[in-house]
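Asks: The structure file work.txt (compact mmCIF, C-alpha atoms) is provided below.
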```
# COMPACT_ATOMS: atom_id res chain seq x y z
CA MET A 290 -40.36 -10.88 -62.97
CA GLY A 291 -43.84 -12.24 -62.42
CA ARG A 292 -45.55 -9.57 -64.53
CA MET A 293 -43.94 -10.68 -67.77
CA LYS A 294 -46.45 -11.83 -70.34
CA GLU A 295 -46.43 -15.34 -71.74
CA ASP A 296 -43.85 -15.97 -74.44
CA LYS A 297 -45.54 -16.12 -77.84
CA GLY A 298 -42.40 -16.17 -80.00
CA GLY A 299 -39.85 -13.59 -81.00
CA SER A 300 -41.33 -12.26 -84.19
CA GLU A 301 -41.57 -8.67 -82.86
CA VAL A 302 -37.86 -7.97 -82.74
CA GLY A 303 -36.20 -7.00 -85.99
CA ARG A 304 -32.58 -8.01 -86.56
CA LYS A 305 -31.58 -4.44 -87.43
CA GLU A 306 -33.32 -2.89 -84.45
CA VAL A 307 -31.44 -1.55 -81.44
CA TYR A 308 -32.93 -2.10 -78.02
CA ALA A 309 -32.10 -0.67 -74.61
CA LEU A 310 -32.99 -1.65 -71.10
CA THR A 311 -36.00 0.02 -69.54
CA ALA A 312 -35.90 1.05 -65.89
CA ARG A 313 -37.64 -2.24 -65.17
CA GLY A 314 -35.00 -4.17 -67.11
CA THR A 315 -32.25 -2.39 -65.19
CA ARG A 316 -33.89 -3.33 -61.90
CA GLU A 317 -34.21 -6.92 -63.08
CA LEU A 318 -30.47 -7.07 -63.64
CA ARG A 319 -29.73 -5.67 -60.22
CA GLU A 320 -32.14 -7.75 -58.18
CA SER A 321 -30.77 -10.88 -56.65
CA GLY A 322 -34.14 -12.66 -56.77
CA THR A 323 -34.58 -12.61 -60.53
CA SER A 324 -36.54 -15.43 -62.14
CA LEU A 325 -34.52 -15.20 -65.35
CA SER A 326 -32.26 -18.09 -66.28
CA ALA A 327 -28.51 -17.58 -66.58
CA ALA A 328 -28.80 -17.58 -70.39
CA GLU A 329 -31.57 -14.99 -70.27
CA LEU A 330 -29.59 -12.81 -67.88
CA GLU A 331 -26.56 -13.01 -70.16
CA LEU A 332 -28.71 -11.84 -73.03
CA LEU A 333 -30.18 -8.99 -71.02
CA VAL A 334 -26.66 -7.75 -70.29
CA LEU A 335 -25.95 -7.62 -74.02
CA VAL A 336 -28.87 -5.24 -74.60
CA ASP A 337 -26.91 -2.04 -74.24
CA GLY A 338 -28.69 0.57 -76.35
CA SER A 339 -26.15 0.42 -79.18
CA ALA A 340 -25.91 -3.19 -80.40
CA THR A 341 -28.40 -4.41 -83.02
CA VAL A 342 -30.29 -7.66 -82.52
CA ALA A 343 -28.06 -9.22 -85.19
CA GLN A 344 -24.96 -8.20 -83.21
CA ILE A 345 -26.46 -9.63 -80.04
CA GLU A 346 -27.15 -12.89 -81.87
CA ARG A 347 -23.46 -13.14 -82.72
CA SER A 348 -22.33 -12.23 -79.20
CA ALA A 349 -24.58 -14.67 -77.34
CA GLU A 350 -22.58 -17.80 -76.78
CA GLY A 351 -24.35 -21.17 -76.99
CA GLN A 352 -27.69 -19.75 -78.16
CA SER A 353 -29.11 -19.94 -81.66
CA ALA A 354 -30.29 -16.81 -83.44
CA GLU A 355 -33.88 -18.00 -83.08
CA GLN A 356 -33.44 -18.51 -79.34
CA VAL A 357 -31.94 -15.05 -78.98
CA ARG A 358 -34.76 -13.38 -80.88
CA GLY A 359 -37.32 -15.41 -78.93
CA THR A 360 -35.86 -14.32 -75.61
CA LEU A 361 -35.57 -10.69 -76.72
CA GLY A 362 -39.21 -10.82 -77.80
CA LYS A 363 -40.08 -12.06 -74.34
CA PHE A 364 -38.10 -9.21 -72.77
CA TYR A 365 -39.83 -6.72 -75.06
CA ARG A 366 -43.31 -7.92 -74.23
CA GLY A 367 -42.39 -8.05 -70.57
CA GLY A 368 -41.31 -4.42 -70.58
CA LEU A 369 -37.66 -5.15 -69.79
CA ILE A 370 -36.38 -3.66 -73.04
CA ASP A 371 -37.66 -1.14 -75.53
CA LEU A 372 -36.52 0.30 -78.83
CA ALA A 373 -33.50 2.50 -78.07
CA SER A 374 -34.91 5.28 -80.23
CA ARG A 375 -38.14 5.30 -78.25
CA LYS A 376 -36.96 4.39 -74.81
CA LYS A 377 -37.26 7.04 -72.14
CA GLN A 378 -33.79 7.91 -70.95
CA ASP A 379 -34.87 8.05 -67.33
CA ALA A 380 -33.57 4.52 -66.89
CA ILE A 381 -30.28 6.15 -65.97
CA ASP A 382 -31.40 7.49 -62.65
CA SER A 383 -29.05 9.42 -60.45
CA GLY A 384 -28.64 6.63 -57.97
CA ASP A 385 -27.63 4.09 -60.57
CA PHE A 386 -24.16 5.18 -61.51
CA PHE A 387 -22.30 4.46 -58.31
CA SER A 388 -24.64 1.78 -56.98
CA VAL A 389 -24.90 -0.76 -59.80
CA THR A 390 -22.92 -3.81 -58.83
CA MET A 391 -22.78 -5.91 -61.96
CA PRO A 392 -19.51 -7.75 -62.42
CA LEU A 393 -17.17 -6.00 -64.81
CA THR A 394 -16.92 -7.78 -68.16
CA ILE A 395 -13.26 -8.24 -68.98
CA PRO A 396 -12.43 -8.19 -72.69
CA LYS A 397 -11.31 -11.52 -74.08
CA SER A 398 -7.65 -11.03 -74.74
CA THR A 399 -4.60 -12.70 -73.37
CA THR A 400 -2.37 -11.06 -70.83
CA GLU A 401 0.43 -11.05 -73.37
CA GLU A 402 -1.75 -9.23 -75.90
CA ARG A 403 -2.69 -6.73 -73.23
CA ARG A 404 0.95 -6.13 -72.32
CA ARG A 405 1.91 -5.65 -75.95
CA GLU A 406 -0.96 -3.22 -76.43
CA ALA A 407 0.12 -1.31 -73.32
CA SER A 408 3.69 -1.00 -74.64
CA ASP A 409 2.37 0.24 -77.99
CA GLY A 410 0.13 2.65 -76.12
CA VAL A 411 2.96 4.17 -74.13
CA SER A 412 5.07 4.57 -77.30
CA SER A 413 2.17 6.26 -79.06
CA LEU A 414 1.54 8.57 -76.10
CA GLN A 415 5.18 9.60 -76.08
CA ASP A 416 5.32 10.10 -79.87
CA LYS A 417 1.92 11.58 -80.67
CA GLY A 418 0.43 12.57 -77.32
CA TYR A 419 -2.50 10.21 -77.73
CA PHE A 420 -3.29 6.53 -78.09
CA VAL A 421 -6.46 4.96 -79.41
CA ARG A 422 -7.24 1.27 -79.22
CA ILE A 423 -7.84 -0.02 -82.71
CA ALA A 424 -9.80 -3.10 -81.63
CA ARG A 425 -12.37 -1.15 -79.65
CA ARG A 426 -12.57 1.68 -82.17
CA THR A 427 -13.45 -0.60 -85.07
CA ALA A 428 -16.04 -2.48 -83.05
CA GLY A 429 -18.52 0.25 -83.97
CA GLY A 430 -20.09 0.16 -80.56
CA HIS A 431 -21.57 3.62 -80.34
CA PRO A 432 -22.93 5.30 -83.49
CA LEU A 433 -23.26 9.08 -83.55
CA PRO A 434 -26.82 10.28 -83.02
CA GLU A 435 -29.04 11.53 -85.81
CA GLY A 436 -31.10 14.66 -85.42
CA ARG A 437 -29.08 16.24 -82.65
CA LYS A 438 -25.55 17.35 -81.94
CA PRO A 439 -23.34 14.70 -80.37
CA LEU A 440 -23.05 15.17 -76.65
CA MET A 441 -19.68 15.04 -74.96
CA LEU A 442 -19.32 14.61 -71.22
CA LEU A 443 -16.14 16.24 -69.97
CA ILE A 444 -15.14 15.10 -66.48
CA ASP A 445 -12.39 17.40 -65.26
CA ASP A 446 -12.01 19.74 -62.32
CA ASP A 447 -9.81 22.32 -64.05
CA ALA A 448 -12.27 25.15 -64.69
CA MET A 449 -10.11 26.93 -67.27
CA LEU A 450 -9.53 23.75 -69.24
CA VAL A 451 -13.26 23.06 -69.20
CA LYS A 452 -13.91 26.57 -70.47
CA LEU A 453 -11.39 26.14 -73.28
CA LEU A 454 -12.75 22.77 -74.37
CA ASN A 455 -16.29 24.11 -74.26
CA THR A 456 -15.30 26.76 -76.80
CA VAL A 457 -13.41 24.31 -78.99
CA PHE A 458 -15.97 21.53 -79.06
CA GLN A 459 -18.87 23.88 -79.61
CA LEU A 460 -17.06 25.10 -82.71
CA GLU A 461 -16.72 21.48 -83.79
CA GLY A 462 -20.47 20.94 -83.46
CA PHE A 463 -20.67 19.21 -80.10
CA THR A 464 -22.79 19.91 -77.09
CA LEU A 465 -20.76 19.76 -73.89
CA ARG A 466 -21.85 18.58 -70.45
CA THR A 467 -19.35 18.84 -67.61
CA ALA A 468 -18.65 17.34 -64.22
CA ALA A 469 -15.85 18.12 -61.78
CA ASN A 470 -16.37 15.62 -58.96
CA ARG A 471 -18.28 12.56 -57.83
CA ALA A 472 -21.57 14.36 -57.22
CA GLY A 473 -21.27 16.11 -60.58
CA ILE A 474 -20.68 12.78 -62.31
CA VAL A 475 -23.82 11.28 -60.80
CA ASP A 476 -25.77 14.34 -61.87
CA ALA A 477 -24.30 14.30 -65.39
CA PHE A 478 -25.28 10.69 -65.98
CA ALA A 479 -28.76 11.32 -64.58
CA GLN A 480 -29.50 13.87 -67.29
CA THR A 481 -30.88 12.99 -70.69
CA PRO A 482 -29.84 12.18 -73.28
CA ALA A 483 -26.90 10.00 -72.28
CA PRO A 484 -23.55 11.28 -73.59
CA ASP A 485 -22.03 9.96 -76.82
CA LEU A 486 -18.43 10.27 -75.63
CA VAL A 487 -16.68 10.84 -72.30
CA LEU A 488 -13.41 12.68 -71.75
CA LEU A 489 -12.30 11.57 -68.32
CA ASP A 490 -9.53 13.06 -66.19
CA VAL A 491 -7.72 10.53 -64.00
CA MET A 492 -6.98 12.73 -60.99
CA LEU A 493 -10.26 14.10 -59.66
CA PRO A 494 -10.78 15.68 -56.23
CA ASP A 495 -12.83 12.95 -54.58
CA ILE A 496 -12.67 9.99 -56.93
CA ASP A 497 -10.16 8.25 -59.16
CA GLY A 498 -10.90 8.46 -62.89
CA PHE A 499 -10.14 4.75 -63.28
CA GLU A 500 -12.89 3.95 -60.80
CA VAL A 501 -15.30 6.04 -62.86
CA LEU A 502 -14.21 4.14 -65.98
CA GLY A 503 -14.83 0.85 -64.22
CA ARG A 504 -18.29 2.02 -63.18
CA ILE A 505 -19.12 2.99 -66.75
CA ARG A 506 -17.95 -0.37 -68.10
CA SER A 507 -19.98 -2.31 -65.52
CA HIS A 508 -23.13 -0.25 -65.97
CA PRO A 509 -25.89 -1.96 -67.95
CA THR A 510 -26.83 1.03 -70.07
CA LEU A 511 -23.53 2.90 -70.24
CA LYS A 512 -21.03 0.12 -70.77
CA ALA A 513 -20.56 0.72 -74.53
CA LEU A 514 -19.93 4.43 -74.08
CA PRO A 515 -16.61 5.51 -75.66
CA VAL A 516 -14.21 6.89 -73.04
CA ILE A 517 -10.96 8.78 -73.59
CA MET A 518 -8.78 9.17 -70.52
CA LEU A 519 -7.03 12.50 -69.98
CA THR A 520 -3.96 11.72 -67.97
CA ALA A 521 -0.63 13.12 -66.94
CA LYS A 522 0.43 9.58 -66.06
CA ALA A 523 1.56 8.10 -69.37
CA THR A 524 3.18 5.14 -67.67
CA ARG A 525 2.91 1.57 -68.88
CA GLU A 526 1.10 0.62 -65.68
CA ALA A 527 -1.47 3.36 -66.13
CA VAL A 528 -2.11 2.39 -69.76
CA LEU A 529 -2.38 -1.28 -68.78
CA LYS A 530 -4.89 -0.37 -66.09
CA GLY A 531 -6.94 1.62 -68.59
CA LEU A 532 -6.82 -1.20 -71.14
CA HIS A 533 -7.97 -3.65 -68.51
CA LEU A 534 -10.89 -1.42 -67.62
CA GLY A 535 -11.82 -0.76 -71.25
CA ALA A 536 -10.74 2.79 -72.17
CA GLU A 537 -10.89 3.54 -75.89
CA GLY A 538 -8.03 5.99 -75.77
CA TYR A 539 -5.61 8.12 -73.84
CA VAL A 540 -4.53 11.71 -74.23
CA THR A 541 -1.65 13.00 -72.17
CA LYS A 542 -1.90 16.26 -70.25
CA PRO A 543 -1.00 18.91 -71.09
CA PHE A 544 -2.30 18.36 -74.60
CA GLU A 545 -2.40 20.37 -77.77
CA ILE A 546 -5.93 20.96 -78.94
CA GLU A 547 -5.32 19.30 -82.30
CA VAL A 548 -3.98 16.18 -80.59
CA LEU A 549 -7.14 15.90 -78.52
CA MET A 550 -9.30 16.45 -81.60
CA SER A 551 -7.40 13.69 -83.44
CA ALA A 552 -8.07 11.26 -80.61
CA VAL A 553 -11.77 12.20 -80.50
CA ARG A 554 -12.11 11.83 -84.28
CA THR A 555 -10.39 8.45 -84.21
CA VAL A 556 -12.49 7.11 -81.37
CA LEU A 557 -15.70 8.27 -83.04
CA GLY A 558 -14.50 6.71 -86.30
CA ALA A 559 -14.67 10.02 -88.12
CA SER A 560 -11.88 11.25 -90.33
CA GLY A 561 -13.44 14.61 -91.02
CA GLY A 562 -16.02 13.37 -93.48
CA ASP A 563 -19.25 11.47 -92.87
CA GLY A 564 -20.38 11.30 -89.32
CA TRP A 565 -18.27 14.16 -88.01
CA PRO A 566 -20.54 16.57 -86.19
CA LYS A 567 -19.97 19.81 -87.99
CA ARG A 568 -17.53 19.73 -90.85
CA GLY A 569 -14.31 18.17 -89.66
CA GLY A 570 -12.58 21.33 -88.60
CA GLN A 571 -9.08 21.17 -87.28
CA ILE A 572 -7.68 23.34 -84.57
CA ARG A 573 -4.04 23.72 -83.84
CA ASN A 574 -1.93 25.52 -81.32
CA ASP A 575 0.39 27.92 -83.12
CA MET B 40 -7.85 28.39 -94.11
CA ALA B 41 -7.66 31.08 -91.53
CA GLY B 42 -4.09 31.54 -90.47
CA PRO B 43 -2.75 32.38 -87.06
CA SER B 44 -4.46 35.41 -85.73
CA ALA B 45 -2.66 38.21 -84.04
CA ALA B 46 -5.36 37.96 -81.43
CA GLY B 47 -4.08 34.74 -79.94
CA ARG B 48 -2.03 31.56 -80.15
CA PHE B 49 -4.72 29.36 -81.59
CA ALA B 50 -6.06 29.34 -85.09
CA THR B 51 -8.27 27.09 -87.18
CA THR B 52 -6.96 25.27 -90.22
CA GLU B 53 -10.45 24.47 -91.51
CA ALA B 54 -10.54 25.07 -95.24
CA ASP B 55 -14.12 26.24 -95.35
CA LEU B 56 -14.10 28.19 -92.12
CA ASP B 57 -15.00 31.76 -92.92
CA VAL B 58 -12.65 34.49 -91.79
CA SER B 59 -15.09 36.19 -89.44
CA GLU B 60 -15.79 32.97 -87.58
CA ALA B 61 -12.08 32.15 -87.44
CA ASP B 62 -11.31 35.60 -86.05
CA ARG B 63 -14.08 35.34 -83.51
CA PHE B 64 -12.80 31.94 -82.43
CA ALA B 65 -9.22 33.18 -82.23
CA ALA B 66 -10.38 36.14 -80.16
CA GLU B 67 -12.22 33.83 -77.77
CA LEU B 68 -9.14 31.67 -77.36
CA ALA B 69 -6.95 34.72 -76.86
CA ALA B 70 -9.31 35.91 -74.14
CA LEU B 71 -9.12 32.49 -72.48
CA ASN B 72 -5.32 32.58 -72.63
CA ALA B 73 -5.34 36.01 -70.99
CA GLU B 74 -7.77 34.84 -68.33
CA TYR B 75 -5.59 31.81 -67.61
CA ARG B 76 -2.51 34.01 -67.20
CA ALA B 77 -4.32 36.40 -64.89
CA LYS B 78 -5.64 33.60 -62.72
CA LEU B 79 -2.27 31.84 -62.76
CA ALA B 80 -0.68 34.79 -60.99
CA LEU B 81 -3.24 34.48 -58.20
CA ARG B 82 -2.82 30.72 -58.02
CA LEU B 83 0.96 31.02 -57.70
CA ALA B 84 0.58 33.56 -54.94
CA ALA B 85 -1.79 31.21 -53.12
CA LEU B 86 0.70 28.37 -53.55
CA ASP B 87 3.40 30.48 -51.90
CA VAL B 88 1.17 31.17 -48.92
CA LEU B 89 0.16 27.52 -48.59
CA ALA B 90 3.77 26.33 -48.80
CA MET B 91 4.85 28.87 -46.17
CA GLU B 92 2.07 27.82 -43.79
CA LEU B 93 2.93 24.16 -44.24
CA ALA B 94 6.63 24.80 -43.70
CA VAL B 95 6.15 26.47 -40.33
CA GLY B 96 2.94 24.85 -39.09
CA GLN B 97 1.80 21.43 -37.95
CA PRO B 98 1.89 18.50 -40.41
CA ASP B 99 -1.32 18.43 -42.41
CA ALA B 100 -1.68 15.61 -44.94
CA ASP B 101 -4.80 17.08 -46.53
CA ARG B 102 -3.22 20.46 -47.14
CA LEU B 103 -0.05 18.82 -48.45
CA ASN B 104 -2.23 16.95 -50.92
CA ASP B 105 -3.89 20.25 -51.84
CA LEU B 106 -0.43 21.60 -52.63
CA ARG B 107 0.42 18.64 -54.84
CA ARG B 108 -2.97 18.72 -56.51
CA GLU B 109 -2.68 22.39 -57.45
CA LEU B 110 0.79 21.85 -58.89
CA HIS B 111 -0.54 18.84 -60.81
CA THR B 112 -3.41 20.87 -62.24
CA ILE B 113 -1.14 23.71 -63.34
CA ALA B 114 1.32 21.25 -64.88
CA GLY B 115 -1.50 19.58 -66.76
CA SER B 116 -2.93 22.70 -68.31
CA ALA B 117 -0.38 25.51 -68.66
CA LYS B 118 1.16 24.23 -71.90
CA THR B 119 -2.30 23.93 -73.46
CA PHE B 120 -2.70 27.66 -72.78
CA GLY B 121 0.65 28.43 -74.39
CA LEU B 122 2.83 28.32 -71.27
CA PRO B 123 5.18 25.34 -71.72
CA ALA B 124 7.82 26.53 -69.26
CA VAL B 125 5.16 26.79 -66.56
CA THR B 126 4.14 23.18 -67.18
CA ASP B 127 7.76 22.03 -66.84
CA ALA B 128 8.37 24.03 -63.66
CA ALA B 129 5.09 22.94 -62.05
CA ARG B 130 5.85 19.32 -62.94
CA ALA B 131 9.27 19.58 -61.27
CA ALA B 132 7.68 21.00 -58.11
CA GLU B 133 4.96 18.33 -58.15
CA ARG B 134 7.55 15.55 -58.38
CA PHE B 135 9.41 17.08 -55.46
CA VAL B 136 6.26 16.99 -53.32
CA ASP B 137 5.16 13.49 -54.43
CA PRO B 138 7.28 11.53 -51.89
CA TRP B 139 6.02 13.70 -49.03
CA CYS B 140 2.42 12.92 -49.87
CA ASP B 141 3.02 9.24 -50.65
CA SER B 142 4.99 8.48 -47.51
CA GLY B 143 3.26 10.84 -45.11
CA ARG B 144 6.72 11.93 -43.99
CA ARG B 145 7.08 15.49 -42.74
CA PRO B 146 9.66 17.35 -44.84
CA GLY B 147 12.53 19.06 -43.07
CA ALA B 148 13.57 22.70 -43.26
CA ALA B 149 16.17 22.03 -45.94
CA GLU B 150 13.58 20.35 -48.16
CA TRP B 151 11.17 23.26 -47.73
CA ALA B 152 13.96 25.63 -48.70
CA GLU B 153 14.61 23.60 -51.83
CA PHE B 154 10.92 23.53 -52.59
CA LYS B 155 10.80 27.30 -52.23
CA THR B 156 13.39 27.62 -55.01
CA LEU B 157 11.17 25.45 -57.20
CA LEU B 158 8.24 27.80 -56.55
CA THR B 159 10.45 30.73 -57.42
CA ALA B 160 11.39 28.98 -60.65
CA LEU B 161 7.70 28.47 -61.33
CA ARG B 162 6.99 32.19 -60.94
CA GLU B 163 9.93 33.00 -63.22
CA ALA B 164 8.61 30.54 -65.81
CA ALA B 165 5.26 32.31 -65.75
CA LYS B 166 7.01 35.60 -66.48
CA SER B 167 9.18 34.16 -69.26
CA ASP B 168 6.25 32.40 -70.97
CA ALA B 169 4.21 35.58 -70.90
```
Could you write out this structure as structure tokens?

Replies:
Amino acid sequence: MGRMKEDKGGSEVGRKEVYALTARGTRELRESGTSLSAAELELLVLVDGSATVAQIERSAEGQSAEQVRGTLGKFYRGGLIDLASRKKQDAIDSGDFFSVTMPLTIPKSTTEERRREASDGVSSLQDKGYFVRIARRTAGGHPLPEGRKPLMLLIDDDAMLVKLLNTVFQLEGFTLRTAANRAGIVDAFAQTPAPDLVLLDVMLPDIDGFEVLGRIRSHPTLKALPVIMLTAKATREAVLKGLHLGAEGYVTKPFEIEVLMSAVRTVLGASGGDGWPKRGGQIRND
Amino acid sequence: MAGPSAAGRFATTEADLDVSEADRFAAELAALNAEYRAKLALRLAALDVLAMELAVGQPDADRLNDLRRELHTIAGSAKTFGLPAVTDAARAAERFVDPWCDSGRRPGAAEWAEFKTLLTALREAAKSDA
């Protein structure tokens, strides 16, 4: 990182601002020969395009708020991060998605908590057809965009289901992007803007949906992306695996449209009022 | 609210959704349901052919997985398109095939015969749901 300018303090970064990694910042994370300290690297990982500087200050362990802002200012001047609203989205290049090798961050919860959550999840799947993790939902990790329709990435190889969901979610005010296999997934994440929500089938032709989820969660710029798993496997083991990898929710297949919409609304933190793309419409299967 | 339309099985319950938009949406969904049913008939016919070829031919793990995968896909979508009996029948057939794929074991003639009855049940379910 020899081209970084000299640190002159962190006054440029505002506490309410949201920053994202630039392509250079992404490379810095991936390169083994980085000159950044461990504390600086940890901070760079926390810059995810959705967390404010104030949130990063709270998440950075063992560093004062002033230190965090100072380091972020250094990153900003060095071209490693930029304002998320201004940043060019080309940082997510097509080669990134399946080649980034950052270690997966495991949520801090005990095994017992995880098991209890998995049991609750299976009960909810059996009763309601969907399960949404309250802890992740309320974290507020991914705000809906302003000035454009929210973009949903649907990863499923069932062409008729994709067609149906395209119709439904367009009515609800979403833009839909689709992928049916590994190559399609790479292509979908290479396009701009990045999606605001992912619906992810577990059983894909040439890749396991859980592997895709793991890749999303270990990706520097995609890790906060809300993901709902579409799965026919509503077993405790499957839910536990998804919890471990960081899925926000599950919807069992086959699903009723309204059940899927409920899960999407819950994950996006929208109850049909503020923040819901169009007007909170409900669709049911008569 | 726009109530259930005669055009299809889906309807919006949105209070402020105007009738013309609701009807258009219901018509689109009805068309998708019809398309699904039409394609399902072709898919079931293809499943029959694949099962017959596998029963009499050499063991082929990839094609056996194709068989399971197609059953899995049908089971995972038919009910969403208003065909619950098809989902149940496809699921039963998928579960029957699961051990073959997981173990790599070649099924015997009796098992293929039993599987054939499950495919017949699947075709019957498609007729009854329609």

Asks: Please determine, counting all atoms listed in the file, which residue among B:Ala114, B:Ala84, B:Ala77, B:Ala100 has the shortest atom-to-atom distance to chain A.

Replies: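 Distance minimum relative to chain A lands on B:Ala114.
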
Asks: Considering all atoms listed in the file, can you say which of A:Val307, A:Ile517, A:Ala373, A:Val342 comes closest to Val421 in chain A?

Replies: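 Counting all atoms listed in the file, the residue closest to Val421 in chain A is A:Ile517.
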
Asks: Select, from B:Glu67, B:Asp105, B:Glu150, B:Asp137, the residue with the minimum atom-to-atom distance to Leu86 in chain B, counting only C-alpha atoms.

Replies: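 Using only C-alpha atoms, the shortest distance to Leu86 in chain B belongs to B:Asp105.
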
Asks: Just to confirm, what's the straight-line distance from CA of Glu133 in chain B to CA of Leu106 in chain B in Å (one decimal)?

Replies: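 For CA of Glu133 in chain B relative to CA of Leu106 in chain B, the distance reads 8.4 Å.
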
Asks: Determine, counting all atoms listed in the file, every residue of protein, DNA or RNA that lies within 8 Å of (4.9, 30.9, -64.3) in the file coordinates, then give the result as a ChimeraX atom specification.

Replies: /B:79-80,83,122,124-125,128,160-168

Asks: For CA of Leu89 in chain B and CA of Arg107 in chain B, determine how far apart the two atoms are, in Å to one decimal place.

Replies: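 Going from CA of Leu89 in chain B over to CA of Arg107 in chain B, I get 10.9 Å.
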
Asks: Select, from A:Ala513, A:Leu442, A:Asp416, A:Leu333, the residue with the minimum atom-to-atom distance to Val540 in chain A, counting only C-alpha atoms.

Replies: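 Ranking A:Ala513, A:Leu442, A:Asp416, A:Leu333 by distance to Val540 in chain A, first place goes to A:Asp416.
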
Asks: List every protein, DNA or RNA residue with an atom no more than 10 Å from (-17.9, 15.5, -75.0) in the file's coordinates, counting all atoms listed in the file, and format the result as a PyMOL selection string.

Replies: chain A and resi 439-444+454-455+458-459+463-467+484-489+516-517+553

Asks: Please, could you write that set of residues out with C-alpha atoms as a compact mmCIF listing (two decimals), in the coordinates of the input?

Replies:
```
# COMPACT_ATOMS: atom_id res chain seq x y z
CA PRO A 439 -23.34 14.70 -80.37
CA LEU A 440 -23.05 15.17 -76.65
CA MET A 441 -19.68 15.04 -74.96
CA LEU A 442 -19.32 14.61 -71.22
CA LEU A 443 -16.14 16.24 -69.97
CA ILE A 444 -15.14 15.10 -66.48
CA LEU A 454 -12.75 22.77 -74.37
CA ASN A 455 -16.29 24.11 -74.26
CA PHE A 458 -15.97 21.53 -79.06
CA GLN A 459 -18.87 23.88 -79.61
CA PHE A 463 -20.67 19.21 -80.10
CA THR A 464 -22.79 19.91 -77.09
CA LEU A 465 -20.76 19.76 -73.89
CA ARG A 466 -21.85 18.58 -70.45
CA THR A 467 -19.35 18.84 -67.61
CA PRO A 484 -23.55 11.28 -73.59
CA ASP A 485 -22.03 9.96 -76.82
CA LEU A 486 -18.43 10.27 -75.63
CA VAL A 487 -16.68 10.84 -72.30
CA LEU A 488 -13.41 12.68 -71.75
CA LEU A 489 -12.30 11.57 -68.32
CA VAL A 516 -14.21 6.89 -73.04
CA ILE A 517 -10.96 8.78 -73.59
CA VAL A 553 -11.77 12.20 -80.50
```

Asks: Take range 468-479 of chain A, model N, CA and C atoms, and hand the result over as a short mmCIF file (atom, residue, chain, number, x, y, z; two decimals), in the frame of the given file.

Replies:
```
data_model
loop_
_atom_site.label_atom_id
_atom_site.label_comp_id
_atom_site.auth_asym_id
_atom_site.auth_seq_id
_atom_site.Cartn_x
_atom_site.Cartn_y
_atom_site.Cartn_z
N ALA A 468 -18.60 17.76 -65.62
CA ALA A 468 -18.65 17.34 -64.22
C ALA A 468 -17.25 17.47 -63.65
N ALA A 469 -17.16 17.88 -62.39
CA ALA A 469 -15.85 18.12 -61.78
C ALA A 469 -15.56 17.21 -60.60
N ASN A 470 -16.57 16.49 -60.13
CA ASN A 470 -16.37 15.62 -58.96
C ASN A 470 -17.44 14.51 -58.96
N ARG A 471 -17.40 13.73 -57.92
CA ARG A 471 -18.28 12.56 -57.83
C ARG A 471 -19.76 12.94 -57.94
N ALA A 472 -20.16 13.95 -57.19
CA ALA A 472 -21.57 14.36 -57.22
C ALA A 472 -21.95 14.86 -58.61
N GLY A 473 -21.02 15.59 -59.23
CA GLY A 473 -21.27 16.11 -60.58
C GLY A 473 -21.40 14.98 -61.60
N ILE A 474 -20.63 13.92 -61.39
CA ILE A 474 -20.68 12.78 -62.31
C ILE A 474 -22.05 12.09 -62.21
N VAL A 475 -22.50 11.89 -61.00
CA VAL A 475 -23.82 11.28 -60.80
C VAL A 475 -24.88 12.12 -61.48
N ASP A 476 -24.80 13.42 -61.28
CA ASP A 476 -25.77 14.34 -61.87
C ASP A 476 -25.70 14.31 -63.40
N ALA A 477 -24.48 14.27 -63.93
CA ALA A 477 -24.30 14.30 -65.39
C ALA A 477 -24.89 13.06 -66.04
N PHE A 478 -24.74 11.92 -65.39
CA PHE A 478 -25.28 10.69 -65.98
C PHE A 478 -26.78 10.56 -65.74
N ALA A 479 -27.31 11.37 -64.84
CA ALA A 479 -28.76 11.32 -64.58
C ALA A 479 -29.53 12.13 -65.61
#
```
